[in-house]
file start.txt (compact mmCIF, C-alpha atoms (C1' of nucleotides))
# COMPACT_ATOMS: atom_id res chain seq x y z
CA MET Q 88 15.48 -18.12 -18.83
CA LEU Q 89 18.49 -16.00 -18.06
CA ASN Q 90 21.20 -17.53 -15.96
CA LYS Q 91 21.58 -14.36 -14.00
CA LEU Q 92 18.69 -12.09 -13.16
CA SER Q 93 19.18 -8.53 -14.27
CA PRO Q 94 17.78 -5.71 -12.14
CA ILE Q 95 16.43 -2.74 -14.09
CA TYR Q 96 18.08 -0.42 -11.62
CA THR Q 97 20.19 -0.64 -8.52
CA THR Q 98 20.96 1.67 -5.62
CA GLN Q 99 23.53 1.56 -2.86
CA PHE Q 100 21.38 -0.92 -0.93
CA GLY Q 101 18.82 -2.29 -3.35
CA ARG Q 102 17.83 -3.85 -6.63
CA ALA Q 103 14.60 -3.53 -8.59
CA TYR Q 104 13.51 -6.44 -10.78
CA CYS Q 105 10.72 -6.51 -13.35
CA GLY Q 106 8.80 -9.76 -13.67
CA ASP Q 107 6.19 -12.12 -12.25
CA SER Q 108 6.92 -12.44 -8.55
CA ILE Q 109 6.19 -16.17 -8.58
CA ASP Q 110 9.05 -16.74 -11.03
CA LEU Q 111 11.35 -14.33 -9.21
CA LEU Q 112 10.59 -15.84 -5.79
CA LYS Q 113 11.53 -19.29 -7.11
CA ARG Q 114 14.99 -17.91 -7.90
CA ILE Q 115 15.66 -17.01 -4.27
CA LYS Q 116 17.46 -19.40 -1.94
CA ASP Q 117 15.79 -20.87 1.16
CA GLU Q 118 15.88 -18.78 4.35
CA SER Q 119 17.68 -15.79 2.86
CA ILE Q 120 15.29 -12.83 3.34
CA ASN Q 121 14.70 -11.24 6.75
CA LEU Q 122 11.45 -9.45 6.02
CA VAL Q 123 8.89 -9.56 3.24
CA ILE Q 124 6.52 -6.61 3.39
CA THR Q 125 3.94 -6.05 0.71
CA SER Q 126 0.52 -4.80 -0.21
CA PRO Q 127 -1.06 -6.89 -2.98
CA PRO Q 128 -3.86 -5.65 -5.23
CA PHE Q 129 -6.95 -5.96 -2.98
CA ALA Q 130 -10.02 -8.04 -3.86
CA LEU Q 131 -12.15 -4.96 -4.51
CA LEU Q 132 -15.39 -5.07 -6.49
CA ARG Q 133 -14.29 -2.04 -8.47
CA LYS Q 134 -11.79 -2.95 -11.19
CA LYS Q 135 -8.49 -1.16 -10.78
CA GLU Q 136 -5.98 -0.32 -13.50
CA TYR Q 137 -3.30 -2.51 -11.90
CA GLY Q 138 -5.47 -5.63 -12.33
CA ASN Q 139 -7.01 -6.79 -9.03
CA LYS Q 140 -8.32 -10.33 -8.54
CA PRO Q 141 -11.97 -11.19 -7.82
CA GLN Q 142 -12.84 -12.14 -4.22
CA ASP Q 143 -13.50 -15.84 -4.94
CA GLU Q 144 -10.05 -16.39 -6.50
CA PHE Q 145 -8.11 -14.18 -4.14
CA VAL Q 146 -7.06 -16.61 -1.41
CA ASP Q 147 -5.73 -19.26 -3.80
CA TRP Q 148 -4.00 -16.61 -5.89
CA LEU Q 149 -2.18 -15.00 -2.95
CA ALA Q 150 -1.40 -18.32 -1.24
CA ARG Q 151 0.84 -19.31 -4.16
CA PHE Q 152 3.07 -16.34 -3.35
CA ALA Q 153 2.87 -16.88 0.41
CA LYS Q 154 4.09 -20.48 0.07
CA GLU Q 155 7.28 -19.25 -1.58
CA ILE Q 156 7.63 -16.49 0.99
CA PHE Q 157 7.49 -19.06 3.80
CA ARG Q 158 10.40 -20.85 2.12
CA ILE Q 159 12.63 -17.82 1.51
CA ILE Q 160 12.34 -15.94 4.80
CA THR Q 161 14.93 -16.70 7.45
CA LYS Q 162 13.96 -18.87 10.40
CA ASP Q 163 13.38 -15.76 12.54
CA GLY Q 164 12.10 -13.72 9.57
CA SER Q 165 8.72 -12.04 9.15
CA PHE Q 166 6.07 -11.53 6.50
CA VAL Q 167 3.95 -8.37 6.80
CA LEU Q 168 0.84 -8.12 4.63
CA ASP Q 169 -1.30 -5.00 4.20
CA LEU Q 170 -4.90 -5.67 3.12
CA GLY Q 171 -7.81 -3.27 2.68
CA HIS Q 172 -11.43 -4.30 3.23
CA ALA Q 173 -14.14 -4.76 0.62
CA TYR Q 174 -17.90 -5.27 0.45
CA GLN Q 175 -19.78 -8.21 -1.05
CA LYS Q 176 -21.32 -7.60 -4.43
CA SER Q 177 -24.60 -5.64 -4.33
CA ARG Q 178 -24.87 -6.03 -0.55
CA PRO Q 179 -23.86 -3.67 2.26
CA VAL Q 180 -22.16 -6.66 3.87
CA ARG Q 181 -18.44 -7.01 4.36
CA SER Q 182 -16.32 -9.45 2.40
CA LEU Q 183 -14.30 -11.70 4.67
CA TYR Q 184 -11.50 -12.13 2.15
CA ASN Q 185 -8.78 -10.59 4.33
CA TYR Q 186 -9.75 -12.84 7.26
CA LYS Q 187 -9.82 -15.87 4.94
CA ILE Q 188 -6.24 -15.01 3.98
CA LEU Q 189 -5.29 -14.88 7.64
CA ILE Q 190 -6.87 -18.25 8.43
CA ASN Q 191 -5.52 -19.90 5.29
CA PHE Q 192 -1.96 -18.72 5.90
CA CYS Q 193 -2.01 -19.90 9.51
CA GLU Q 194 -3.88 -23.18 9.09
CA GLU Q 195 -2.65 -24.33 5.66
CA LEU Q 196 0.77 -22.69 5.29
CA ARG Q 197 1.73 -22.95 9.00
CA PHE Q 198 2.52 -19.28 9.48
CA ASN Q 199 2.07 -17.83 12.98
CA LEU Q 200 0.07 -14.68 13.36
CA ALA Q 201 2.65 -12.81 15.44
CA GLU Q 202 0.37 -9.79 15.79
CA GLU Q 203 -2.36 -8.02 13.90
CA PHE Q 204 -2.01 -4.32 13.14
CA PHE Q 205 -4.47 -1.76 11.88
CA TRP Q 206 -3.32 1.03 9.63
CA HIS Q 207 -5.58 4.03 10.22
CA ASN Q 208 -5.57 6.58 7.43
CA PRO Q 209 -7.59 9.51 8.80
CA ALA Q 210 -7.54 11.22 5.39
CA LYS Q 211 -9.33 8.34 3.68
CA LEU Q 212 -12.25 9.62 1.63
CA PRO Q 213 -15.71 8.50 2.77
CA SER Q 214 -16.49 5.43 0.72
CA PRO Q 215 -17.85 3.27 -0.82
CA ILE Q 216 -20.12 5.88 -2.27
CA GLU Q 217 -23.27 3.76 -2.52
CA TRP Q 218 -23.51 2.76 1.14
CA VAL Q 219 -21.60 5.57 2.83
CA ASN Q 220 -22.24 8.73 0.82
CA LYS Q 221 -25.54 8.17 -0.99
CA ARG Q 222 -27.62 5.95 1.29
CA LYS Q 223 -25.72 6.76 4.50
CA ILE Q 224 -26.30 3.32 5.99
CA ARG Q 225 -22.61 2.56 6.59
CA ILE Q 226 -19.79 4.76 7.83
CA LYS Q 227 -16.42 5.31 6.21
CA ASP Q 228 -13.85 2.56 6.43
CA SER Q 229 -10.51 4.10 7.27
CA VAL Q 230 -8.42 1.16 8.46
CA ASN Q 231 -6.53 -1.59 6.67
CA THR Q 232 -5.63 -4.82 8.40
CA VAL Q 233 -1.90 -5.48 8.47
CA TRP Q 234 -1.08 -9.09 9.36
CA TRP Q 235 2.37 -9.78 10.79
CA PHE Q 236 3.23 -13.44 10.12
CA SER Q 237 6.25 -15.41 11.35
CA LYS Q 238 7.56 -18.96 11.04
CA ILE Q 239 8.55 -19.35 14.67
CA ASP Q 240 7.20 -18.05 17.97
CA PHE Q 241 10.05 -15.62 18.51
CA PRO Q 242 10.84 -13.85 15.22
CA GLN Q 243 13.46 -11.08 15.28
CA ALA Q 244 11.75 -7.97 16.67
CA ASP Q 245 12.69 -5.04 18.87
CA ALA Q 246 10.06 -2.55 19.96
CA ARG Q 247 12.78 -0.25 21.32
CA ASN Q 248 13.38 0.80 17.69
CA VAL Q 249 9.83 2.08 17.27
CA LEU Q 250 9.12 3.83 20.55
CA VAL Q 251 6.90 6.90 20.30
CA PRO Q 252 7.13 10.10 22.39
CA TYR Q 253 5.49 9.94 25.81
CA SER Q 254 2.22 11.83 26.18
CA GLU Q 255 2.22 15.17 28.02
CA ARG Q 256 0.60 13.52 31.04
CA MET Q 257 3.23 10.75 31.10
CA LYS Q 258 6.01 13.35 30.87
CA LYS Q 259 4.59 15.03 33.98
CA LEU Q 260 4.51 11.70 35.76
CA LEU Q 261 8.12 10.99 34.84
CA ARG Q 262 9.24 14.44 36.09
CA ASP Q 263 7.62 14.01 39.49
CA SER Q 264 6.02 10.63 39.96
CA ASP Q 265 5.17 11.19 43.66
CA LYS Q 266 3.05 14.20 42.80
CA PHE Q 267 1.24 12.75 39.80
CA TYR Q 268 1.06 9.04 40.48
CA SER Q 269 0.46 6.65 43.34
CA PRO Q 270 1.37 3.00 42.75
CA LYS Q 271 -1.40 0.69 43.90
CA LYS Q 272 -3.62 -2.15 42.89
CA ARG Q 273 -6.13 -0.92 40.32
CA PRO Q 274 -9.80 -1.95 40.22
CA SER Q 275 -8.94 -3.96 37.10
CA GLY Q 276 -6.74 -6.13 39.29
CA HIS Q 277 -3.48 -4.92 37.81
CA ASP Q 278 -0.79 -4.10 40.31
CA ILE Q 279 0.74 -0.91 38.91
CA SER Q 280 4.07 -0.63 40.69
CA LYS Q 281 6.62 2.11 41.17
CA HIS Q 282 8.34 0.90 37.98
CA PHE Q 283 5.67 2.68 35.99
CA SER Q 284 7.50 5.93 36.59
CA ARG Q 285 10.73 4.70 35.00
CA ALA Q 286 11.62 6.51 31.75
CA ASN Q 287 12.34 4.00 28.99
CA GLY Q 288 13.08 6.43 26.21
CA GLY Q 289 9.57 6.56 24.86
CA ALA Q 290 6.19 4.87 24.96
CA ILE Q 291 5.52 1.46 23.44
CA PRO Q 292 3.44 2.13 20.32
CA PRO Q 293 -0.06 0.70 19.89
CA ASN Q 294 -0.96 -1.68 17.05
CA LEU Q 295 -3.13 1.06 15.58
CA LEU Q 296 -0.76 2.84 13.20
CA GLU Q 297 -2.07 6.30 12.47
CA ILE Q 298 -0.45 7.31 9.19
CA PRO Q 299 -2.27 9.75 6.89
CA ASN Q 300 -1.85 8.92 3.22
CA THR Q 301 -1.77 12.48 1.91
CA GLU Q 302 1.42 12.73 -0.13
CA SER Q 303 0.87 15.49 -2.69
CA ASN Q 304 4.24 16.96 -3.66
CA SER Q 305 6.92 14.38 -2.98
CA GLN Q 306 9.91 14.09 -5.29
CA TYR Q 307 8.31 10.95 -6.72
CA LEU Q 308 5.12 12.80 -7.72
CA ARG Q 309 7.00 15.87 -8.97
CA TYR Q 310 9.20 13.74 -11.22
CA CYS Q 311 6.15 11.81 -12.50
CA LYS Q 312 4.68 15.17 -13.52
CA ILE Q 313 7.89 16.22 -15.28
CA VAL Q 314 7.91 12.98 -17.27
CA GLY Q 315 4.18 13.31 -17.97
CA ILE Q 316 2.91 10.13 -16.29
CA LYS Q 317 0.52 9.44 -13.43
CA GLY Q 318 2.04 8.13 -10.22
CA HIS Q 319 1.17 4.61 -9.07
CA PRO Q 320 -2.54 4.73 -8.11
CA ALA Q 321 -2.28 2.78 -4.84
CA ARG Q 322 0.89 3.72 -3.01
CA PHE Q 323 1.27 3.15 0.69
CA PRO Q 324 2.98 5.92 2.66
CA VAL Q 325 6.70 5.35 3.27
CA LYS Q 326 6.08 5.54 7.03
CA LEU Q 327 4.22 2.22 6.94
CA PRO Q 328 7.07 -0.02 5.67
CA GLU Q 329 9.45 2.18 7.70
CA PHE Q 330 7.74 1.13 10.94
CA PHE Q 331 8.00 -2.60 10.23
CA ILE Q 332 11.54 -2.39 8.87
CA LYS Q 333 12.71 -0.61 12.04
CA PHE Q 334 10.73 -3.00 14.26
CA LEU Q 335 11.63 -6.31 12.58
CA THR Q 336 15.08 -5.89 11.00
CA LYS Q 337 18.60 -4.65 11.73
CA PRO Q 338 20.81 -2.50 9.49
CA GLY Q 339 22.28 -4.72 6.77
CA ASP Q 340 19.30 -7.13 6.74
CA ILE Q 341 17.38 -7.85 3.52
CA VAL Q 342 13.82 -6.65 2.88
CA LEU Q 343 11.67 -7.74 -0.08
CA ASP Q 344 8.45 -6.32 -1.54
CA ILE Q 345 6.87 -8.68 -4.10
CA PHE Q 346 4.22 -6.20 -5.30
CA ALA Q 347 6.53 -3.21 -5.19
CA GLY Q 348 4.51 -0.75 -7.30
CA SER Q 349 6.20 2.60 -6.75
CA ASN Q 350 8.72 0.97 -4.37
CA ALA Q 351 7.90 2.84 -1.16
CA THR Q 352 9.37 -0.18 0.66
CA GLY Q 353 12.68 0.32 -1.15
CA GLU Q 354 12.75 4.00 -0.21
CA ALA Q 355 12.16 3.16 3.46
CA ALA Q 356 14.79 0.39 3.45
CA GLU Q 357 17.38 2.53 1.67
CA SER Q 358 17.09 5.35 4.22
CA LEU Q 359 17.36 2.83 7.08
CA GLU Q 360 20.42 1.09 5.57
CA ARG Q 361 18.70 -2.22 4.97
CA HIS Q 362 19.28 -4.07 1.71
CA TRP Q 363 16.15 -4.33 -0.39
CA LEU Q 364 14.71 -6.16 -3.37
CA ALA Q 365 11.68 -4.91 -5.29
CA PHE Q 366 9.65 -7.17 -7.60
CA GLU Q 367 7.06 -5.60 -9.89
CA LEU Q 368 5.26 -6.92 -12.97
CA ASN Q 369 4.56 -3.54 -14.59
CA ILE Q 370 7.68 -2.03 -16.15
CA GLN Q 371 6.22 1.50 -16.20
CA TYR Q 372 5.51 1.46 -12.45
CA LEU Q 373 8.95 0.10 -11.68
CA ALA Q 374 10.72 2.52 -14.04
CA ALA Q 375 9.04 5.49 -12.31
CA SER Q 376 9.98 4.15 -8.88
CA ILE Q 377 13.62 5.12 -9.55
CA PHE Q 378 12.48 8.74 -8.98
CA ARG Q 379 12.58 8.04 -5.24
CA PHE Q 380 16.37 7.60 -5.42
CA LEU Q 381 17.59 10.26 -7.84
CA GLY Q 382 18.08 13.41 -5.78
CA GLU Q 383 17.75 16.82 -7.44
CA ILE Q 384 18.59 16.45 -11.14
CA GLU Q 385 17.70 18.17 -14.43
CA PRO Q 386 14.27 17.51 -16.02
CA GLN Q 387 15.96 16.36 -19.24
CA GLN Q 388 17.95 13.79 -17.33
CA ILE Q 389 14.84 12.54 -15.50
CA LYS Q 390 13.06 12.01 -18.82
CA LYS Q 391 16.06 10.22 -20.30
CA ILE Q 392 16.32 7.82 -17.37
CA TYR Q 393 12.59 7.05 -17.40
CA GLU Q 394 12.63 6.43 -21.17
CA SER Q 395 15.57 4.07 -21.01
CA LEU Q 396 14.07 2.07 -18.12
CA SER Q 397 10.49 1.86 -19.37
CA ASN Q 398 11.22 0.88 -22.98
CA GLY Q 399 11.59 -2.73 -21.93
CA ASN Q 400 15.28 -3.09 -22.72
CA LEU Q 401 15.87 -3.93 -19.06
CA HIS Q 402 18.69 -1.46 -19.20
CA LYS Q 403 20.62 -1.61 -15.95
CA TYR Q 404 20.71 1.73 -14.19
CA GLU Q 405 22.66 2.60 -11.10
CA ALA Q 406 20.87 5.32 -9.19
CA SER Q 407 23.80 5.58 -6.81
CA LYS Q 408 25.91 6.96 -9.67
CA ILE Q 409 23.52 9.86 -10.03
CA LYS Q 410 23.05 10.51 -6.35
CA PRO Q 411 26.30 9.79 -4.54
CA ILE Q 412 25.68 8.31 -1.12
CA SER Q 413 28.09 10.04 1.18
CA MET Q 414 27.53 8.12 4.38
CA PHE Q 415 27.75 4.56 3.09
CA ASN Q 416 28.68 2.18 5.83
CA SER Q 417 30.75 -0.51 4.13
CA ALA Q 418 30.42 -2.79 7.16
CA LEU Q 419 26.80 -3.32 6.09
CA SER Q 420 27.71 -4.19 2.53
CA LYS Q 421 26.38 -7.50 1.31
CA ASN Q 422 26.65 -9.29 -2.00
CA LEU Q 423 23.03 -9.67 -3.04
CA ASP Q 424 24.04 -12.19 -5.73
CA ASP Q 425 24.43 -14.74 -2.95
CA ILE Q 426 20.72 -15.01 -2.30
CA PHE Q 427 19.85 -16.01 -5.86
CA ILE Q 428 19.88 -19.54 -7.19
CA THR Q 429 21.97 -19.75 -10.35
CA LEU Q 430 20.51 -22.08 -12.94
C1' DC K 15 -36.00 -1.22 -35.06
C1' DC K 16 -35.61 -3.92 -30.98
C1' DT K 17 -33.34 -6.75 -27.50
C1' DC K 18 -29.54 -8.21 -25.03
C1' DC K 19 -25.42 -7.72 -23.66
C1' DG K 20 -21.08 -5.34 -21.77
C1' DT K 21 -18.97 -0.79 -20.79
C1' DT K 22 -18.88 3.91 -19.19
C1' DT K 23 -20.33 7.53 -16.28
C1' DA K 24 -22.64 10.00 -12.40
C1' DC K 25 -23.12 10.05 -7.86
C1' DT K 26 -20.64 11.98 -3.15
C1' DC K 27 -17.58 13.82 0.30
C1' DA K 28 -13.02 14.24 5.06
C1' DC K 29 -8.67 15.18 6.02
C1' DT K 30 -3.48 16.29 5.80
C1' DC K 31 0.40 18.76 4.46
C1' DA K 32 3.27 21.92 1.95
C1' DT K 33 3.25 26.41 0.18
C1' DC K 34 1.93 31.07 -0.31
C1' DG O 30 -4.65 31.80 7.93
C1' DA O 31 -5.98 30.44 3.33
C1' DT O 32 -5.32 27.54 -0.62
C1' DG O 33 -4.40 23.70 -3.60
C1' DA O 34 -3.20 19.02 -4.42
C1' DG O 35 -3.95 14.56 -3.41
C1' DT O 36 -6.39 10.47 -1.68
C1' DG O 37 -11.63 6.02 -3.80
C1' DA O 38 -15.21 3.25 -3.26
C1' DG O 39 -19.86 0.22 -5.24
C1' DT O 40 -24.34 0.80 -7.52
C1' DA O 41 -27.37 2.05 -11.00
C1' DA O 42 -28.48 4.58 -14.92
C1' DA O 43 -27.01 5.72 -19.42
C1' DC O 44 -24.77 4.44 -23.38
C1' DG O 45 -23.24 1.75 -27.33
C1' DG O 46 -22.41 -2.24 -30.17
C1' DA O 47 -23.79 -6.82 -31.97
C1' DG O 48 -27.19 -9.73 -33.77
C1' DG O 49 -31.74 -10.91 -35.24
call {"tool": "encode", "arguments": {"input": "start.txt", "output": "structure tokens"}}
result
Amino acid sequence: MLNKLSPIYTTQFGRAYCGDSIDLLKRIKDESINLVITSPPFALLRKKEYGNKPQDEFVDWLARFAKEIFRIITKDGSFVLDLGHAYQKSRPVRSLYNYKILINFCEELRFNLAEEFFWHNPAKLPSPIEWVNKRKIRIKDSVNTVWWFSKIDFPQADARNVLVPYSERMKKLLRDSDKFYSPKKRPSGHDISKHFSRANGGAIPPNLLEIPNTESNSQYLRYCKIVGIKGHPARFPVKLPEFFIKFLTKPGDIVLDIFAGSNATGEAAESLERHWLAFELNIQYLAASIFRFLGEIEPQQIKKIYESLSNGNLHKYEASKIKPISMFNSALSKNLDDIFITL
DNA sequence: CCTCCGTTTACTCACTCATC
DNA sequence: GATGAGTGAGTAAACGGAGG
């Protein structure tokens, strides 16, 4: 094994490593990562090209990674896990695999469930075809469960970073609370006071995250087309990691995605000035993920970069040299070498 | 030629967003 | 305002290869 791990590319804030995440996680020091956010291959019945695990092996398989994650996140760090649902084989009955993960991580690995989130993708196609489209005995499943785990009861979190605009009705109330609102005890028993009319800069968001996954002409996809490859087949929208990075970290913190795929997490972290690490087993997926960081460059140059990264030479590429970052805040600079164990 | 496998293919549709 | 591109899932039938 190499003494020093070599990223296949770096940016101003991040590093992308190719390899088995179990091995890579073991090279990270205890309590050094603020947030791990990831979406593993789901335990679907349909075989996917990125190699998903069967339902009966899934919990044990993912728990091996989670154990390392528990070790490497800071005391007040978080672990956010996006999981889609699946059906049992040959039955219109749900698999409980994502709930088994939740219970295993909390009861065996001693994670807290800080909060459960639901990612609603309204543009999800109606599926699975057999139960939903053909027989019409089930309706379309358009939410993923997103479990937010922590080690302690009070992990770093600030909802003020993820406030959403007030509704039109609430804006009216804030303009003239006397006219639109009368503080009193509600039938539910809640005593809604005068404080309800105080403007706090936005509404507290719900745990239902409505984010359509409809990317169709991003720079990433355009560059994939230029190079002549398909984009990663199961990308999550950048807005999803963006929400949790804003909510659970500060600028300069370190975010890790252990199943990085096309590195949407890295893109979100980079734009929010958080350091990031991306681990991905498939060199082609990881090589293409550099497209997110290149800016507008010539097609010939895009092809050259992709070739040199995907040929397996683990050629180190600095995206920041291609796309100069003008507004780099040096106060946030951190030596990412410090978080790795040197053998 | 037939059987027993495993593999491939047909089936079926809601919604968003950028661009023209 | 219309258009095109992109986003997936599980079953069962069809297909194809190996072996007798």
call {"tool": "residues_near_point", "arguments": {"input": "start.txt", "point": "(-2.4, 13.8, 4.1)", "cutoff": "12 Å", "atoms": "all atoms listed in the file", "output": "PyMOL selection string"}}
result
(chain Q and resi 207-212+297-305+323-324) or (chain K and resi 28-32) or (chain O and resi 34-36)
call {"tool": "interface_residues", "arguments": {"input": "start.txt", "of": "chain Q", "to": "chain O", "cutoff": "6 Å", "atoms": "all atoms listed in the file", "output": "list in words"}}
result
Ser214, Pro215, Ile216, Glu217 and Ser303 of chain Q
call {"tool": "atom_distance", "arguments": {"input": "start.txt", "atom1": "CA of Ile188 in chain Q", "atom2": "CA of Pro320 in chain Q"}}
result
23.4 Å
call {"tool": "atom_distance", "arguments": {"input": "start.txt", "atom1": "CA of Tyr268 in chain Q", "atom2": "CA of Val251 in chain Q"}}
result
21.1 Å
call {"tool": "closest_residue", "arguments": {"input": "start.txt", "among": "Q:Arg178, Q:Lys238, Q:Lys223, Q:Lys162", "to": "DC27 in chain K", "atoms": "only C-alpha atoms (C1' of nucleotides)"}}
result
Q:Lys223
call {"tool": "axis_aligned_box", "arguments": {"input": "start.txt", "around": "range 19-34 of chain K", "padding_each_side": "6 Å", "output": "lines of an AutoDock Vina configuration file"}}
result
center_x = -11.1
center_y = 11.7
center_z = -8.8
size_x = 40.7
size_y = 50.8
size_z = 41.7
call {"tool": "residues_around", "arguments": {"input": "start.txt", "residues": "Phe152 in chain Q", "least_positions_apart": "5", "cutoff": "9 Å", "atoms": "all atoms listed in the file", "output": "number ranges by chain"}}
result
Q: 108-109, 112, 157, 345
call {"tool": "atom_distance", "arguments": {"input": "start.txt", "atom1": "CA of Pro338 in chain Q", "atom2": "CA of Leu368 in chain Q"}}
result
27.7 Å
call {"tool": "closest_residue", "arguments": {"input": "start.txt", "among": "Q:Lys187, Q:Arg151, Q:Arg379, Q:Arg222", "to": "chain K", "atoms": "only C-alpha atoms (C1' of nucleotides)"}}
result
Q:Arg222
call {"tool": "residues_near_point", "arguments": {"input": "start.txt", "point": "(-23.4, 16.2, -0.9)", "cutoff": "10 Å", "atoms": "all atoms listed in the file", "output": "PyMOL selection string"}}
result
(chain Q and resi 220-221) or (chain K and resi 25-27)
call {"tool": "write_last_selection", "arguments": {"input": "start.txt", "atoms": "C-alpha atoms (C1' of nucleotides)", "output": "JSON list (two decimals), in the coordinates of the input"}}
result
[["chain", "number", "residue", "atom", "x", "y", "z"],
["Q", 220, "ASN", "CA", -22.24, 8.73, 0.82],
["Q", 221, "LYS", "CA", -25.54, 8.17, -0.99],
["K", 25, "DC", "C1'", -23.12, 10.05, -7.86],
["K", 26, "DT", "C1'", -20.64, 11.98, -3.15],
["K", 27, "DC", "C1'", -17.58, 13.82, 0.30]]
call {"tool": "closest_residue", "arguments": {"input": "start.txt", "among": "Q:Asp340, Q:Glu354, Q:Glu329, Q:Asp228", "to": "chain K", "atoms": "all atoms listed in the file"}}
result
Q:Asp228
call {"tool": "closest_residue", "arguments": {"input": "start.txt", "among": "Q:Tyr96, Q:Ile377, Q:Val219, Q:Tyr253", "to": "chain K", "atoms": "all atoms listed in the file"}}
result
Q:Val219
